[in-house]
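A.B. asks: Following this message is one structure expressed as C-alpha cells.
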Amino acid sequence: MIIGICGKSGCGKSTLANQIIELNNKKSIHLDIDKVGHDVLTIPEVIEELAKCFGDSIIDKNNIDRKKLGEIVFDSRHEMKKLSDITWKYMQIEIDKFLSNNKDKNIILDWLLLPITKYFDMCDLKILLDIPYEVRKERAMKRDHISESAFDLREKASINFNPDKFNRVLKNNDLNEIIQDLGELL
C-alpha cells in the first residue's frame, strides 16, 4: 500500500507518518520528499545548474545556501518553477529508487506538492491534513527556527488543495481519528 500525506508547512505530515509506522509495527517506511529535494541540492550538476540560473549568491563554500535560495524562490512562482525544473528530474530518480527498493512494505509519501506529481495517482490512500494557519505557523517557527515573515513567505509559495481528491481530510489537531481508521486498513 502507498499512503500519501499532504498538507501545508507545519501541519503534522511527518508526525502522522511516524505514528503510522508505530501502528504498523515498523512494517511501513516513510519518505519525506522535502528531504529528497534538500539532498539533490548537494549533487554537483544541480549546484552548477542552480548557480547558472540564480547566480553565485546562492553558493556558500561550494554548497547551495538553502536560505538564500529560499528567499528567491518562495517569493515568486516563476522562480520556484525554475528551481523545480532543475531539481525534479533528480528527485524522481531518488523517489523511484525508494519505491522500487521498498515494494515489500507499506510506503508513506509525505510532501506538500504530492498532488501535482505522478506519485499522487499511485497512492492507495490519500490523506490531507488541513490544519489551521496559526497552529501550523507556531509549529513551523519552532521546528525550523524561522521568523513569522519567513513562514509567511513559505505559506505564499504553497499550493491549495482540493479536498475532494483525498480519501481522508483532517481539519483539527487530533491525529487519533485517522490513526484509528488506518489501524483497520494496515
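By order in the C-alpha cells, chains are A, B, ...; within a chain, residues start at 1; ligands start at 1, following the order shown.
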Quick one: everything within 7 Å of region 155-164 of chain A, counting only C-alpha atoms, minus sequence neighbours fewer than 3 positions away in the same chain. Send it as a list in words.

C.D. replies: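 Using only C-alpha atoms, the neighbours found are Lys8, Phe74, Asp75, Arg77, Phe151, Asp152 and Val169 of chain A.
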
A.B. asks: Could you give me, as a PyMOL selection string, the residues within 10 Å of Gly37 (chain A), counting only C-alpha atoms and dropping anything in the same chain fewer than 6 positions from it?

C.D. replies: chain A and resi 84+87-88+90-92+94

A.B. asks: Could you please take those selected residues and save C-alpha atoms as a PDB file, in the first residue's frame?

C.D. replies:
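Listed below is the output, again_15.pdb:
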ATOM      1  CA  SER A  84      11.651  22.651  -9.835  1.00  0.00           C
ATOM      2  CA  THR A  87      15.771  19.574  -9.410  1.00  0.00           C
ATOM      3  CA  TRP A  88      12.685  17.471 -10.255  1.00  0.00           C
ATOM      4  CA  TYR A  90      16.950  14.192  -9.919  1.00  0.00           C
ATOM      5  CA  MET A  91      14.242  13.920  -7.274  1.00  0.00           C
ATOM      6  CA  GLN A  92      12.231  11.491  -9.417  1.00  0.00           C
ATOM      7  CA  GLU A  94      15.533   9.033  -5.908  1.00  0.00           C
TER       8      GLU A  94
END

A.B. asks: Going by DSSP on the backbone, which residues of region 92-137 of chain A come out as alpha helix (DSSP H)? List them as a ChimeraX atom specification.

C.D. replies: /A:92-101,118-122,133-137

A.B. asks: Let's see if you can do this: from backbone DSSP, list all strand (DSSP E) residues in chain A, as a list in words.

C.D. replies: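 Taking chain A and keeping strand (DSSP E) gives Ile2, Ile3, Gly4, Ile5, Cys6, Gly7, Ser28, Ile29, His30, Leu31, Asp32, Ile59, Asp60, Asn63, Ile64, Asn106, Ile107, Ile108, Leu109, Asp110, Leu125, Lys126, Ile127, Leu128, Leu129, Arg168, Val169 and Leu170 of chain A.
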
A.B. asks: Produce a file of the selected residues containing N, CA and C atoms, as a PDB file, in the first residue's frame.

C.D. replies:
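Written out: selection-v9.pdb:
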ATOM      1  N   ILE A   2       0.507   2.243  -0.772  1.00  0.00           N
ATOM      2  CA  ILE A   2       1.191   3.544  -0.743  1.00  0.00           C
ATOM      3  C   ILE A   2       0.220   4.551  -0.149  1.00  0.00           C
ATOM      4  N   ILE A   3       0.676   5.239   0.888  1.00  0.00           N
ATOM      5  CA  ILE A   3      -0.125   6.244   1.577  1.00  0.00           C
ATOM      6  C   ILE A   3       0.498   7.604   1.284  1.00  0.00           C
ATOM      7  N   GLY A   4      -0.291   8.515   0.768  1.00  0.00           N
ATOM      8  CA  GLY A   4       0.169   9.876   0.517  1.00  0.00           C
ATOM      9  C   GLY A   4      -0.366  10.804   1.583  1.00  0.00           C
ATOM     10  N   ILE A   5       0.534  11.557   2.214  1.00  0.00           N
ATOM     11  CA  ILE A   5       0.134  12.529   3.237  1.00  0.00           C
ATOM     12  C   ILE A   5       0.512  13.908   2.734  1.00  0.00           C
ATOM     13  N   CYS A   6      -0.488  14.785   2.668  1.00  0.00           N
ATOM     14  CA  CYS A   6      -0.277  16.131   2.150  1.00  0.00           C
ATOM     15  C   CYS A   6      -0.762  17.163   3.168  1.00  0.00           C
ATOM     16  N   GLY A   7      -0.285  18.346   3.011  1.00  0.00           N
ATOM     17  CA  GLY A   7      -0.689  19.464   3.850  1.00  0.00           C
ATOM     18  C   GLY A   7       0.392  20.522   3.809  1.00  0.00           C
ATOM     19  N   SER A  28       6.007  -0.339   7.831  1.00  0.00           N
ATOM     20  CA  SER A  28       5.841   0.774   6.907  1.00  0.00           C
ATOM     21  C   SER A  28       7.136   1.565   6.878  1.00  0.00           C
ATOM     22  N   ILE A  29       7.343   2.276   5.784  1.00  0.00           N
ATOM     23  CA  ILE A  29       8.530   3.103   5.637  1.00  0.00           C
ATOM     24  C   ILE A  29       8.103   4.460   5.096  1.00  0.00           C
ATOM     25  N   HIS A  30       8.782   5.511   5.528  1.00  0.00           N
ATOM     26  CA  HIS A  30       8.377   6.894   5.265  1.00  0.00           C
ATOM     27  C   HIS A  30       9.413   7.583   4.390  1.00  0.00           C
ATOM     28  N   LEU A  31       8.947   8.257   3.354  1.00  0.00           N
ATOM     29  CA  LEU A  31       9.812   9.109   2.542  1.00  0.00           C
ATOM     30  C   LEU A  31       9.291  10.541   2.618  1.00  0.00           C
ATOM     31  N   ASP A  32      10.078  11.399   3.240  1.00  0.00           N
ATOM     32  CA  ASP A  32       9.789  12.837   3.296  1.00  0.00           C
ATOM     33  C   ASP A  32      10.410  13.430   2.032  1.00  0.00           C
ATOM     34  N   ILE A  59      25.525  30.346  -3.585  1.00  0.00           N
ATOM     35  CA  ILE A  59      26.591  29.389  -3.288  1.00  0.00           C
ATOM     36  C   ILE A  59      27.388  29.878  -2.080  1.00  0.00           C
ATOM     37  N   ASP A  60      27.607  28.952  -1.145  1.00  0.00           N
ATOM     38  CA  ASP A  60      28.437  29.227   0.025  1.00  0.00           C
ATOM     39  C   ASP A  60      29.344  28.014   0.235  1.00  0.00           C
ATOM     40  N   ASN A  63      28.524  24.897  -1.737  1.00  0.00           N
ATOM     41  CA  ASN A  63      27.220  24.303  -1.425  1.00  0.00           C
ATOM     42  C   ASN A  63      26.122  25.327  -1.671  1.00  0.00           C
ATOM     43  N   ILE A  64      24.908  24.813  -1.902  1.00  0.00           N
ATOM     44  CA  ILE A  64      23.758  25.702  -2.045  1.00  0.00           C
ATOM     45  C   ILE A  64      23.388  26.237  -0.669  1.00  0.00           C
ATOM     46  N   ASN A 106       4.574  -1.140   3.419  1.00  0.00           N
ATOM     47  CA  ASN A 106       3.652  -0.022   3.215  1.00  0.00           C
ATOM     48  C   ASN A 106       4.531   1.220   3.113  1.00  0.00           C
ATOM     49  N   ILE A 107       4.324   2.007   2.075  1.00  0.00           N
ATOM     50  CA  ILE A 107       5.146   3.186   1.828  1.00  0.00           C
ATOM     51  C   ILE A 107       4.329   4.435   2.105  1.00  0.00           C
ATOM     52  N   ILE A 108       4.924   5.337   2.865  1.00  0.00           N
ATOM     53  CA  ILE A 108       4.289   6.615   3.173  1.00  0.00           C
ATOM     54  C   ILE A 108       5.068   7.706   2.453  1.00  0.00           C
ATOM     55  N   LEU A 109       4.394   8.405   1.560  1.00  0.00           N
ATOM     56  CA  LEU A 109       4.981   9.548   0.864  1.00  0.00           C
ATOM     57  C   LEU A 109       4.399  10.806   1.484  1.00  0.00           C
ATOM     58  N   ASP A 110       5.263  11.709   1.883  1.00  0.00           N
ATOM     59  CA  ASP A 110       4.830  12.923   2.573  1.00  0.00           C
ATOM     60  C   ASP A 110       5.421  14.110   1.838  1.00  0.00           C
ATOM     61  N   LEU A 125      -4.095   5.391  -0.614  1.00  0.00           N
ATOM     62  CA  LEU A 125      -4.802   6.178   0.393  1.00  0.00           C
ATOM     63  C   LEU A 125      -4.184   7.566   0.414  1.00  0.00           C
ATOM     64  N   LYS A 126      -5.037   8.587   0.274  1.00  0.00           N
ATOM     65  CA  LYS A 126      -4.571   9.974   0.214  1.00  0.00           C
ATOM     66  C   LYS A 126      -5.156  10.729   1.408  1.00  0.00           C
ATOM     67  N   ILE A 127      -4.264  11.292   2.231  1.00  0.00           N
ATOM     68  CA  ILE A 127      -4.677  11.986   3.447  1.00  0.00           C
ATOM     69  C   ILE A 127      -4.258  13.452   3.346  1.00  0.00           C
ATOM     70  N   LEU A 128      -5.185  14.340   3.610  1.00  0.00           N
ATOM     71  CA  LEU A 128      -4.911  15.773   3.659  1.00  0.00           C
ATOM     72  C   LEU A 128      -5.026  16.243   5.105  1.00  0.00           C
ATOM     73  N   LEU A 129      -3.973  16.862   5.599  1.00  0.00           N
ATOM     74  CA  LEU A 129      -4.007  17.491   6.919  1.00  0.00           C
ATOM     75  C   LEU A 129      -4.270  18.982   6.703  1.00  0.00           C
ATOM     76  N   ARG A 168      -9.191  10.922   3.026  1.00  0.00           N
ATOM     77  CA  ARG A 168      -9.393  11.416   4.394  1.00  0.00           C
ATOM     78  C   ARG A 168      -8.890  12.854   4.482  1.00  0.00           C
ATOM     79  N   VAL A 169      -9.672  13.707   5.145  1.00  0.00           N
ATOM     80  CA  VAL A 169      -9.270  15.092   5.393  1.00  0.00           C
ATOM     81  C   VAL A 169      -9.393  15.342   6.884  1.00  0.00           C
ATOM     82  N   LEU A 170      -8.295  15.733   7.490  1.00  0.00           N
ATOM     83  CA  LEU A 170      -8.273  16.030   8.922  1.00  0.00           C
ATOM     84  C   LEU A 170      -8.233  17.543   9.100  1.00  0.00           C
TER      85      LEU A 170
END

A.B. asks: So how far away is CA of His78 (chain A) from CA of Lys35 (chain A), in Å?

C.D. replies: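 Going from CA of Lys35 (chain A) over to CA of His78 (chain A), I get 22.1 Å.
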
A.B. asks: Using only C-alpha atoms, find the one residue out of A:Leu114, A:Leu16, A:Ile33, A:Met141 that sits nearest to Phe98 (chain A).

C.D. replies: A:Ile33

A.B. asks: For the atom pair CA of Asp121 (chain A) and CA of Arg136 (chain A), what is the interatomic distance in Å to one decimal place?

C.D. replies: 26.3 Å

A.B. asks: Looking at only C-alpha atoms, which of A:Lys103, A:Thr42, A:Lys52, A:Lys82 is the one that sits closest to Asp65 (chain A)?

C.D. replies: A:Thr42

A.B. asks: Between CA of Val36 (chain A) and CA of Leu112 (chain A), what is the spacing in Å?

C.D. replies: 12.8 Å

A.B. asks: Compare A:Ile86, A:Asn167, A:Ile20, A:Asp39 by their minimum atom-to-atom distance to Ala51 (chain A), counting only C-alpha atoms, and give me the closest one.

C.D. replies: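 Result for the nearest residue to Ala51 (chain A): A:Ile86.
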
A.B. asks: So that I can see what lies close to Tyr133 (chain A), please list as a ChimeraX atom specification the residues with an atom at most 9 Å from it, counting only C-alpha atoms and leaving out residues fewer than 4 positions away in the same chain.

C.D. replies: /A:8,10-11,137-138

A.B. asks: Write the residues of the preceding selection, restricted to N, CA and C atoms, as a PDB file, in the first residue's frame.

C.D. replies:
ATOM      1  N   LYS A   8       0.041  21.689   4.265  1.00  0.00           N
ATOM      2  CA  LYS A   8       0.977  22.809   4.249  1.00  0.00           C
ATOM      3  C   LYS A   8       1.989  22.688   5.380  1.00  0.00           C
ATOM      4  N   GLY A  10       4.065  22.637   8.552  1.00  0.00           N
ATOM      5  CA  GLY A  10       3.701  22.625   9.965  1.00  0.00           C
ATOM      6  C   GLY A  10       2.412  21.912  10.292  1.00  0.00           C
ATOM      7  N   CYS A  11       1.829  21.203   9.341  1.00  0.00           N
ATOM      8  CA  CYS A  11       0.522  20.567   9.591  1.00  0.00           C
ATOM      9  C   CYS A  11       0.633  19.232  10.324  1.00  0.00           C
ATOM     10  N   LYS A 137       1.753  27.717  11.849  1.00  0.00           N
ATOM     11  CA  LYS A 137       2.783  28.757  11.953  1.00  0.00           C
ATOM     12  C   LYS A 137       3.615  28.558  13.214  1.00  0.00           C
ATOM     13  N   GLU A 138       2.941  28.341  14.329  1.00  0.00           N
ATOM     14  CA  GLU A 138       3.640  28.153  15.600  1.00  0.00           C
ATOM     15  C   GLU A 138       4.570  26.939  15.534  1.00  0.00           C
TER      16      GLU A 138
END
